[in-house]
>>> print(open('coords21.txt').read())   # compact mmCIF, C-alpha atoms
# COMPACT_ATOMS: atom_id res chain seq x y z
CA MET C 17 -24.15 25.53 -2.79
CA PHE C 18 -20.76 25.67 -1.05
CA VAL C 19 -22.40 24.84 2.26
CA SER C 20 -23.16 21.36 0.90
CA PHE C 21 -19.47 20.93 0.04
CA ALA C 22 -18.82 21.52 3.75
CA GLY C 23 -20.58 18.23 4.48
CA GLU C 24 -23.83 19.46 5.99
CA SER C 25 -26.90 17.29 5.59
CA PHE C 26 -29.75 18.14 3.25
CA GLN C 27 -31.95 18.52 6.34
CA SER C 28 -29.57 21.16 7.72
CA LEU C 29 -29.49 22.98 4.38
CA SER C 30 -33.28 22.97 4.20
CA TYR C 31 -33.44 24.88 7.50
CA GLN C 32 -30.79 27.39 6.43
CA PHE C 33 -32.28 28.17 3.02
CA ARG C 34 -35.94 27.51 3.87
CA MET C 35 -36.38 25.03 1.08
CA GLY C 36 -37.76 21.53 1.10
CA VAL C 37 -35.33 18.66 1.52
CA SER C 38 -36.51 17.08 -1.73
CA THR C 39 -35.78 20.34 -3.60
CA ILE C 40 -32.25 20.57 -2.23
CA ARG C 41 -31.67 16.88 -2.86
CA GLN C 42 -32.48 17.52 -6.52
CA PHE C 43 -30.66 20.76 -7.29
CA VAL C 44 -27.38 20.08 -5.46
CA PRO C 45 -26.34 17.17 -7.74
CA GLU C 46 -27.66 19.03 -10.80
CA THR C 47 -25.61 22.12 -9.90
CA CYS C 48 -22.54 19.96 -9.30
CA GLN C 49 -22.98 18.39 -12.71
CA ALA C 50 -23.18 21.86 -14.28
CA ILE C 51 -20.04 23.00 -12.44
CA TYR C 52 -18.09 20.01 -13.72
CA GLN C 53 -19.31 20.42 -17.29
CA VAL C 54 -18.30 24.10 -17.32
CA LEU C 55 -14.86 23.61 -15.77
CA LYS C 56 -13.67 20.22 -17.03
CA ASP C 57 -12.36 21.16 -20.48
CA LYS C 58 -10.08 23.89 -19.13
CA TYR C 59 -9.26 22.75 -15.61
CA VAL C 60 -9.46 18.92 -15.62
CA LYS C 61 -7.71 18.11 -18.86
CA CYS C 62 -5.50 15.07 -19.32
CA PRO C 63 -2.53 15.80 -21.62
CA ASP C 64 -3.09 14.53 -25.15
CA THR C 65 0.07 15.66 -26.94
CA ALA C 66 3.72 14.73 -26.47
CA LEU C 67 4.55 18.34 -25.59
CA GLU C 68 1.92 18.48 -22.81
CA TRP C 69 3.21 15.22 -21.29
CA GLN C 70 6.78 16.56 -21.43
CA GLN C 71 5.66 19.70 -19.58
CA VAL C 72 4.22 17.50 -16.81
CA ALA C 73 7.50 15.54 -16.69
CA THR C 74 9.48 18.79 -16.42
CA GLY C 75 7.45 19.67 -13.33
CA PHE C 76 8.19 16.34 -11.61
CA LEU C 77 11.90 16.65 -12.39
CA SER C 78 12.21 20.21 -11.11
CA GLN C 79 9.89 19.80 -8.11
CA TRP C 80 10.57 16.21 -7.01
CA ASN C 81 13.76 15.07 -8.77
CA PHE C 82 12.03 12.19 -10.54
CA PRO C 83 12.85 12.09 -14.27
CA ASN C 84 10.45 11.10 -17.06
CA CYS C 85 7.49 11.10 -14.65
CA ILE C 86 4.13 12.09 -16.13
CA GLY C 87 1.85 11.73 -13.10
CA ALA C 88 1.21 10.29 -9.64
CA LEU C 89 -1.69 7.85 -9.30
CA ASP C 90 -3.79 6.67 -6.36
CA GLY C 91 -7.32 5.69 -5.36
CA LYS C 92 -9.45 6.62 -2.34
CA HIS C 93 -12.84 5.57 -0.99
CA ILE C 94 -15.81 7.95 -0.85
CA ASN C 95 -18.42 6.66 1.60
CA ILE C 96 -22.00 6.47 0.31
CA ARG C 97 -25.42 5.07 1.13
CA PRO C 98 -25.68 1.84 -0.89
CA PRO C 99 -28.26 1.81 -3.69
CA PRO C 100 -31.32 -0.35 -3.01
CA GLY C 101 -30.74 -4.00 -3.81
CA SER C 102 -26.98 -3.60 -4.29
CA GLY C 103 -26.13 -6.08 -1.52
CA SER C 104 -22.39 -6.15 -0.77
CA THR C 105 -21.36 -4.69 -4.14
CA PHE C 106 -20.17 -1.41 -2.59
CA TYR C 107 -18.97 -2.94 0.72
CA ASN C 108 -15.23 -2.33 1.18
CA TYR C 109 -12.54 -3.85 3.37
CA LYS C 110 -13.00 -1.07 5.96
CA HIS C 111 -16.62 -2.21 6.45
CA HIS C 112 -18.15 0.82 4.77
CA PHE C 113 -20.18 1.20 1.61
CA SER C 114 -18.20 3.28 -0.86
CA ILE C 115 -17.23 4.14 -4.40
CA VAL C 116 -13.62 4.62 -5.48
CA LEU C 117 -12.14 7.90 -6.66
CA MET C 118 -9.16 7.08 -8.91
CA ALA C 119 -7.02 10.07 -9.85
CA MET C 120 -3.72 11.03 -11.44
CA VAL C 121 -2.16 14.38 -10.49
CA ASP C 122 0.70 16.51 -11.75
CA SER C 123 3.60 17.84 -9.68
CA TYR C 124 1.53 20.88 -8.64
CA TYR C 125 -1.33 18.89 -7.02
CA ARG C 126 -3.71 19.33 -9.95
CA PHE C 127 -5.90 16.45 -11.10
CA LEU C 128 -5.01 15.42 -14.64
CA TYR C 129 -7.34 12.44 -14.78
CA VAL C 130 -10.29 11.45 -12.59
CA ASP C 131 -12.37 8.26 -12.62
CA VAL C 132 -15.12 7.87 -10.02
CA GLY C 133 -17.88 5.36 -9.44
CA CYS C 134 -16.28 1.93 -9.26
CA GLN C 135 -17.61 -0.22 -6.40
CA GLY C 136 -15.72 0.03 -3.11
CA ARG C 137 -14.88 -3.66 -2.89
CA VAL C 138 -12.61 -3.43 -5.96
CA SER C 139 -8.88 -2.85 -5.30
CA ASP C 140 -6.90 0.11 -6.64
CA GLY C 141 -5.28 -2.13 -9.22
CA GLY C 142 -8.66 -3.49 -10.25
CA VAL C 143 -10.16 0.00 -10.57
CA PHE C 144 -7.20 1.15 -12.63
CA ALA C 145 -7.43 -1.88 -14.94
CA GLY C 146 -11.02 -0.95 -15.78
CA CYS C 147 -10.56 2.79 -16.38
CA THR C 148 -10.05 4.56 -19.69
CA LEU C 149 -6.56 5.76 -18.72
CA ALA C 150 -5.26 2.19 -18.34
CA ASP C 151 -6.78 1.24 -21.67
CA ALA C 152 -5.18 4.23 -23.40
CA LEU C 153 -1.78 3.54 -21.85
CA GLU C 154 -1.90 -0.16 -22.69
CA ASN C 155 -2.92 0.49 -26.28
CA ARG C 156 -0.50 3.42 -26.68
CA THR C 157 -3.17 5.91 -27.73
CA THR C 158 -2.20 8.64 -25.26
CA ASN C 159 0.56 10.28 -27.34
CA ILE C 160 3.07 9.80 -24.53
CA PRO C 161 6.55 10.66 -25.89
CA ASP C 162 9.02 7.96 -26.82
CA PRO C 163 11.60 6.95 -24.18
CA ALA C 164 14.01 9.80 -23.48
CA PRO C 165 17.52 9.99 -21.98
CA LEU C 166 17.69 10.40 -18.22
CA PRO C 167 19.24 13.76 -17.24
CA GLY C 168 23.03 13.75 -17.50
CA SER C 169 22.97 10.31 -19.10
CA ASP C 170 22.56 8.68 -22.51
CA GLN C 171 20.40 5.94 -20.96
CA LEU C 172 16.91 5.87 -22.47
CA SER C 173 14.00 5.41 -20.05
CA PRO C 174 10.23 5.27 -20.75
CA TYR C 175 7.97 8.01 -19.43
CA CYS C 176 6.06 6.60 -16.48
CA ILE C 177 3.46 7.21 -13.77
CA VAL C 178 4.38 6.65 -10.11
CA ALA C 179 2.06 4.68 -7.83
CA ASP C 180 2.02 2.57 -4.67
CA GLU C 181 2.01 -1.18 -4.05
CA ALA C 182 -1.67 -1.54 -5.00
CA PHE C 183 -0.93 -1.15 -8.69
CA PRO C 184 0.67 -3.48 -11.24
CA LEU C 185 4.26 -2.83 -12.27
CA LYS C 186 4.38 -1.76 -15.91
CA GLU C 187 6.88 0.03 -18.12
CA TYR C 188 4.59 3.05 -17.86
CA LEU C 189 3.66 2.50 -14.19
CA MET C 190 6.39 2.43 -11.53
CA LYS C 191 5.79 1.16 -8.01
CA PRO C 192 8.11 0.48 -5.03
CA TYR C 193 10.19 -2.63 -4.55
CA PRO C 194 8.27 -5.00 -2.25
CA HIS C 195 9.18 -6.44 1.16
CA ARG C 196 11.49 -5.30 3.93
CA GLY C 197 15.22 -5.79 4.28
CA LEU C 198 15.93 -4.27 0.88
CA PRO C 199 19.49 -3.44 -0.24
CA PRO C 200 20.48 0.26 -0.07
CA ALA C 201 19.91 0.92 -3.79
CA GLN C 202 16.32 -0.33 -3.67
CA ARG C 203 15.61 1.62 -0.48
CA VAL C 204 16.86 4.77 -2.24
CA PHE C 205 14.61 4.01 -5.22
CA ASN C 206 11.59 3.57 -2.95
CA TYR C 207 12.37 6.87 -1.22
CA ARG C 208 12.72 8.74 -4.50
CA LEU C 209 9.50 7.25 -5.85
CA SER C 210 7.64 7.95 -2.59
CA ARG C 211 8.81 11.56 -2.68
CA ALA C 212 7.30 12.03 -6.14
CA ARG C 213 4.16 10.02 -5.33
CA ARG C 214 3.44 12.11 -2.23
CA VAL C 215 1.82 14.79 -4.41
CA VAL C 216 -1.24 12.59 -5.01
CA GLU C 217 -1.65 11.93 -1.27
CA ASN C 218 -1.48 15.68 -0.67
CA ALA C 219 -3.95 16.38 -3.48
CA PHE C 220 -6.49 13.98 -1.96
CA GLY C 221 -5.85 15.45 1.49
CA ILE C 222 -6.38 19.02 0.32
CA LEU C 223 -9.50 17.99 -1.61
CA ALA C 224 -11.10 16.34 1.43
CA SER C 225 -10.05 19.15 3.77
CA ARG C 226 -11.49 21.88 1.55
CA PHE C 227 -14.58 19.95 0.41
CA ARG C 228 -15.54 18.25 3.63
CA VAL C 229 -18.53 16.47 2.17
CA LEU C 230 -15.96 13.88 1.06
CA GLN C 231 -15.19 13.10 4.72
CA THR C 232 -18.82 12.20 5.37
CA THR C 233 -21.09 9.45 4.13
CA ILE C 234 -22.80 11.12 1.18
CA ASN C 235 -26.48 10.58 1.88
CA ILE C 236 -27.61 9.88 -1.70
CA GLN C 237 -28.42 6.42 -2.98
CA ASP C 238 -28.14 7.35 -6.66
CA THR C 239 -24.44 6.76 -7.39
CA ALA C 240 -24.59 8.90 -10.55
CA LYS C 241 -25.50 11.92 -8.41
CA VAL C 242 -22.68 11.10 -5.99
CA GLU C 243 -20.29 10.99 -8.93
CA ASN C 244 -21.45 14.49 -9.97
CA ILE C 245 -20.64 15.83 -6.51
CA VAL C 246 -17.17 14.24 -6.44
CA LEU C 247 -16.31 15.39 -9.96
CA ALA C 248 -17.41 18.95 -9.12
CA CYS C 249 -15.12 18.91 -6.08
CA CYS C 250 -12.17 17.83 -8.24
CA ALA C 251 -12.89 20.48 -10.87
CA LEU C 252 -13.23 23.22 -8.26
CA HIS C 253 -9.99 22.05 -6.62
CA ASN C 254 -8.13 22.53 -9.91
CA PHE C 255 -9.86 25.86 -10.56
CA LEU C 256 -8.94 27.23 -7.15
CA ARG C 257 -5.44 25.75 -7.30
CA THR C 258 -4.90 27.58 -10.58
CA GLU C 259 -6.78 30.86 -10.06
CA SER C 260 -6.46 31.44 -6.29
CA CYS C 261 -3.46 29.39 -5.27
CA GLU C 262 -2.12 31.40 -2.31
CA VAL C 263 -5.43 31.43 -0.46
CA TYR C 264 -6.54 27.92 -1.38
CA MET C 265 -3.20 26.19 -0.74
CA ALA C 266 -2.03 28.18 2.30
CA ASP C 267 -0.11 25.78 4.59
CA MET C 268 -2.12 22.86 3.23
CA VAL C 269 0.60 20.74 1.60
CA ASP C 270 3.52 18.85 3.12
CA ARG C 271 6.81 20.76 3.01
CA GLU C 272 10.44 19.75 3.30
CA GLY C 273 12.43 21.39 6.10
CA PRO C 274 16.10 22.44 6.02
CA ASP C 275 17.18 18.89 6.93
CA ASP C 276 14.80 17.46 4.27
CA ALA C 277 12.45 16.18 6.98
CA ILE C 278 8.76 16.24 6.05
CA LEU C 279 6.75 19.04 7.67
CA ALA C 280 3.12 17.95 7.69
CA GLY C 281 0.59 20.10 5.86
CA ARG C 282 -2.65 21.20 7.51
CA TRP C 283 -4.65 18.62 5.58
CA ARG C 284 -3.15 15.93 7.83
CA GLU C 285 -5.05 17.38 10.79
CA ASP C 286 -8.25 16.01 9.24
CA PRO C 287 -9.21 12.33 8.87
CA ALA C 288 -7.63 10.92 5.74
CA LEU C 289 -9.70 9.38 2.98
CA GLN C 290 -9.52 5.60 3.15
CA GLN C 291 -7.02 3.88 0.91
CA ALA C 292 -8.46 1.30 -1.47
CA SER C 293 -7.46 -2.29 -0.68
CA LEU C 294 -4.55 -4.18 -2.19
CA PRO C 295 -5.10 -6.81 -4.88
CA ARG C 296 -4.07 -10.40 -4.28
CA ALA C 297 -1.34 -10.35 -6.92
CA THR C 298 0.23 -8.00 -9.43
CA ASN C 299 2.34 -9.78 -12.02
CA ALA C 300 5.04 -7.74 -13.74
CA THR C 301 6.71 -8.22 -17.08
CA THR C 302 10.47 -8.62 -17.48
CA ARG C 303 10.66 -5.29 -19.34
CA ALA C 304 8.83 -3.50 -16.50
CA LYS C 305 11.22 -4.95 -13.90
CA LEU C 306 14.19 -3.95 -16.05
CA THR C 307 12.86 -0.39 -16.34
CA ARG C 308 12.60 -0.15 -12.56
CA ASP C 309 16.06 -1.66 -12.06
CA ASN C 310 17.56 0.82 -14.53
CA LEU C 311 15.98 3.74 -12.69
CA CYS C 312 17.26 2.27 -9.42
CA GLN C 313 20.81 2.16 -10.77
CA TYR C 314 20.48 5.69 -12.16
CA PHE C 315 19.47 7.07 -8.76
CA MET C 316 22.69 5.60 -7.33
CA SER C 317 24.90 7.15 -10.04
CA ASP C 318 26.72 10.48 -9.86
CA CYS C 319 24.35 12.09 -12.38
CA GLY C 320 21.14 10.68 -10.86
CA ALA C 321 21.70 10.89 -7.09
CA VAL C 322 20.54 13.78 -4.91
CA PRO C 323 22.36 14.68 -1.67
CA PHE C 324 19.40 14.11 0.64
CA GLN C 325 18.58 10.55 -0.51
CA TRP C 326 21.20 8.83 1.63
CA GLY C 327 20.00 7.23 4.82
CA LYS C 328 16.35 7.49 3.78
CA ASP C 329 14.19 4.37 4.20
>>> encode(input="coords21.txt", output="structure tokens")
Amino acid sequence: MFVSFAGESFQSLSYQFRMGVSTIRQFVPETCQAIYQVLKDKYVKCPDTALEWQQVATGFLSQWNFPNCIGALDGKHINIRPPPGSGSTFYNYKHHFSIVLMAMVDSYYRFLYVDVGCQGRVSDGGVFAGCTLADALENRTTNIPDPAPLPGSDQLSPYCIVADEAFPLKEYLMKPYPHRGLPPAQRVFNYRLSRARRVVENAFGILASRFRVLQTTINIQDTAKVENIVLACCALHNFLRTESCEVYMADMVDREGPDDAILAGRWREDPALQQASLPRATNATTRAKLTRDNLCQYFMSDCGAVPFQWGKD
């Protein structure tokens, strides 16, 4: 089973295990589905109480100095063979056929939420808008705690998820300030947000490096079976991250050196999963912009600044 996660073809597996290709093509997705069903409730569980969200936020504050952060969000392409008759539905901007893996991770590189299967031509922001997490956040059914004071301050700030430019700016979803030539305060904010958001890039990198089938074009035209394989990879990633961390994570993640420079993890030696494309526009509300501006000001204050943020772009 684990040989298929290494990215070998069904033809290669049929030679190794002396089974017919059609047999392997059937039981690999079925086994992956079983793996996910067994592991998901314990190892791929999105927080559903205020206390669980606060525990995630504590991790981001202690690990990455970003207060009231409850996750880092991103989307990546998984290359596939297009289903018959699908036309350009799965054709992405990198000229491959793909589905999108949308995921939110905690500060320890574990997947809290996974959505897989949206067509590759849809942007990150578009995928997010159609997933159950966005619906729950928008309708306030996730039990996220009420806004809390920022550390060392009496300023209330909403709990939020950090993401890149592909996503819409919301009170619960923080993204960088756009454009170049930003003033120092906004450059500091972008650095602090990028530092927290890097965990999701590392999580995807580790996932693809350990389960190398994700670096290939998955040779199955049934997208439901592809989804089973991807979900099993995510569940096994969390299982191994939790139960066998030292072996599984050894030298894999980015580290910060003595001068706070980034030391690349081993996952960067492998080809990175393709980033989903940017949407044409992401309109933001006044309240969302104010939330970002307040965080920006906090990071420049005596109680919110960290020594290594200065001079970072």
>>> residues_around(input="coords21.txt", residues="Ser225 in chain C", least_positions_apart="3", cutoff="12 Å", atoms="only C-alpha atoms", output="list of chain:residue names")
C:Phe21, C:Ala22, C:Gly23, C:Asn218, C:Ala219, C:Phe220, C:Gly221, C:Ile222, C:Arg228, C:Val229, C:Leu230, C:Gln231, C:Thr232, C:Cys249, C:His253, C:Tyr264, C:Met265, C:Asp267, C:Met268, C:Val269, C:Gly281, C:Arg282, C:Trp283, C:Arg284, C:Glu285, C:Asp286, C:Pro287, C:Ala288, C:Leu289
>>> closest_residue(input="coords21.txt", among="C:Gly168, C:Pro45, C:Pro323, C:Pro174", to="Leu311 in chain C", atoms="only C-alpha atoms")
C:Pro174
>>> atom_distance(input="coords21.txt", atom1="CA of Gln202 in chain C", atom2="CA of Val178 in chain C")
15.3 Å
>>> atom_distance(input="coords21.txt", atom1="CA of Gln53 in chain C", atom2="CA of Leu252 in chain C")
11.2 Å
>>> atom_distance(input="coords21.txt", atom1="CA of Ala88 in chain C", atom2="CA of Phe144 in chain C")
12.8 Å
>>> decode(input="coords21.txt", residues="range 204-216 of chain C", atoms="all heavy atoms", output="CSV table (one decimal), in the first residue's frame")
chain,number,residue,atom,x,y,z
C,204,VAL,N,6.1,45.4,8.1
C,204,VAL,CA,6.3,44.6,9.3
C,204,VAL,C,5.1,43.6,9.5
C,204,VAL,O,5.2,42.5,9.8
C,204,VAL,CB,6.4,45.5,10.6
C,204,VAL,CG1,6.2,44.7,11.9
C,204,VAL,CG2,7.8,46.1,10.6
C,205,PHE,N,3.9,44.2,9.2
C,205,PHE,CA,2.7,43.3,9.3
C,205,PHE,C,2.8,42.2,8.3
C,205,PHE,O,2.5,41.0,8.7
C,205,PHE,CB,1.4,44.1,9.0
C,205,PHE,CG,0.2,43.3,9.0
C,205,PHE,CD1,-0.5,43.0,10.1
C,205,PHE,CD2,-0.3,42.8,7.7
C,205,PHE,CE1,-1.7,42.2,10.0
C,205,PHE,CE2,-1.4,42.0,7.7
C,205,PHE,CZ,-2.1,41.7,8.8
C,206,ASN,N,3.2,42.4,7.1
C,206,ASN,CA,3.3,41.4,6.1
C,206,ASN,C,4.3,40.3,6.5
C,206,ASN,O,4.1,39.1,6.3
C,206,ASN,CB,3.6,42.0,4.7
C,206,ASN,CG,2.5,42.6,4.1
C,206,ASN,OD1,1.4,42.7,4.6
C,206,ASN,ND2,2.7,43.2,2.9
C,207,TYR,N,5.4,40.8,7.1
C,207,TYR,CA,6.4,39.8,7.6
C,207,TYR,C,5.9,38.9,8.7
C,207,TYR,O,6.0,37.7,8.7
C,207,TYR,CB,7.7,40.5,8.1
C,207,TYR,CG,8.6,39.7,8.9
C,207,TYR,CD1,9.3,38.6,8.3
C,207,TYR,CD2,8.7,39.9,10.3
C,207,TYR,CE1,10.1,37.8,9.1
C,207,TYR,CE2,9.5,39.0,11.1
C,207,TYR,CZ,10.2,38.0,10.5
C,207,TYR,OH,11.0,37.2,11.2
C,208,ARG,N,5.2,39.6,9.7
C,208,ARG,CA,4.6,38.8,10.8
C,208,ARG,C,3.6,37.8,10.3
C,208,ARG,O,3.5,36.7,10.8
C,208,ARG,CB,4.1,39.8,11.8
C,208,ARG,CG,5.1,40.7,12.5
C,208,ARG,CD,5.9,40.0,13.6
C,208,ARG,NE,5.1,39.6,14.7
C,208,ARG,CZ,4.8,40.3,15.8
C,208,ARG,NH1,5.3,41.5,15.8
C,208,ARG,NH2,4.1,39.8,16.8
C,209,LEU,N,2.7,38.2,9.4
C,209,LEU,CA,1.7,37.3,8.9
C,209,LEU,C,2.4,36.2,8.1
C,209,LEU,O,2.0,35.0,8.2
C,209,LEU,CB,0.7,38.1,8.0
C,209,LEU,CG,-0.5,37.3,7.5
C,209,LEU,CD1,-1.7,38.1,7.5
C,209,LEU,CD2,-0.2,36.8,6.0
C,210,SER,N,3.4,36.5,7.3
C,210,SER,CA,4.0,35.5,6.4
C,210,SER,C,4.7,34.5,7.3
C,210,SER,O,4.7,33.3,7.0
C,210,SER,CB,5.1,36.2,5.5
C,210,SER,OG,5.8,35.2,4.8
C,211,ARG,N,5.3,34.9,8.4
C,211,ARG,CA,6.0,34.0,9.4
C,211,ARG,C,5.0,33.0,9.9
C,211,ARG,O,5.3,31.8,10.1
C,211,ARG,CB,6.6,34.9,10.5
C,211,ARG,CG,7.5,34.1,11.4
C,211,ARG,CD,8.3,35.0,12.3
C,211,ARG,NE,9.1,34.3,13.2
C,211,ARG,CZ,8.7,34.0,14.5
C,211,ARG,NH1,7.6,34.4,14.9
C,211,ARG,NH2,9.5,33.3,15.3
C,212,ALA,N,3.8,33.5,10.3
C,212,ALA,CA,2.7,32.5,10.8
C,212,ALA,C,2.2,31.7,9.7
C,212,ALA,O,1.9,30.5,9.9
C,212,ALA,CB,1.6,33.3,11.5
C,213,ARG,N,2.0,32.2,8.5
C,213,ARG,CA,1.4,31.5,7.4
C,213,ARG,C,2.3,30.4,6.8
C,213,ARG,O,1.9,29.5,6.1
C,213,ARG,CB,1.0,32.5,6.3
C,213,ARG,CG,0.1,31.9,5.2
C,213,ARG,CD,-0.1,32.9,4.1
C,213,ARG,NE,1.1,33.1,3.3
C,213,ARG,CZ,1.6,32.3,2.4
C,213,ARG,NH1,1.0,31.2,2.2
C,213,ARG,NH2,2.7,32.5,1.8
C,214,ARG,N,3.7,30.6,7.1
C,214,ARG,CA,4.6,29.6,6.5
C,214,ARG,C,4.4,28.2,6.9
C,214,ARG,O,4.8,27.2,6.3
C,214,ARG,CB,6.0,30.1,6.9
C,214,ARG,CG,7.1,29.4,6.1
C,214,ARG,CD,8.5,30.1,6.3
C,214,ARG,NE,8.9,29.9,7.7
C,214,ARG,CZ,9.2,31.0,8.5
C,214,ARG,NH1,9.1,32.2,8.1
C,214,ARG,NH2,9.6,30.7,9.7
C,215,VAL,N,3.6,28.0,8.0
C,215,VAL,CA,3.4,26.6,8.5
C,215,VAL,C,2.6,25.8,7.5
C,215,VAL,O,2.8,24.6,7.3
C,215,VAL,CB,2.7,26.6,9.9
C,215,VAL,CG1,3.6,27.1,11.0
C,215,VAL,CG2,1.4,27.3,9.9
C,216,VAL,N,1.7,26.5,6.8
C,216,VAL,CA,0.8,25.7,5.8
C,216,VAL,C,1.7,25.4,4.6
C,216,VAL,O,1.5,24.3,4.0
C,216,VAL,CB,-0.4,26.5,5.4
C,216,VAL,CG1,-0.1,27.8,4.6
C,216,VAL,CG2,-1.4,25.6,4.7
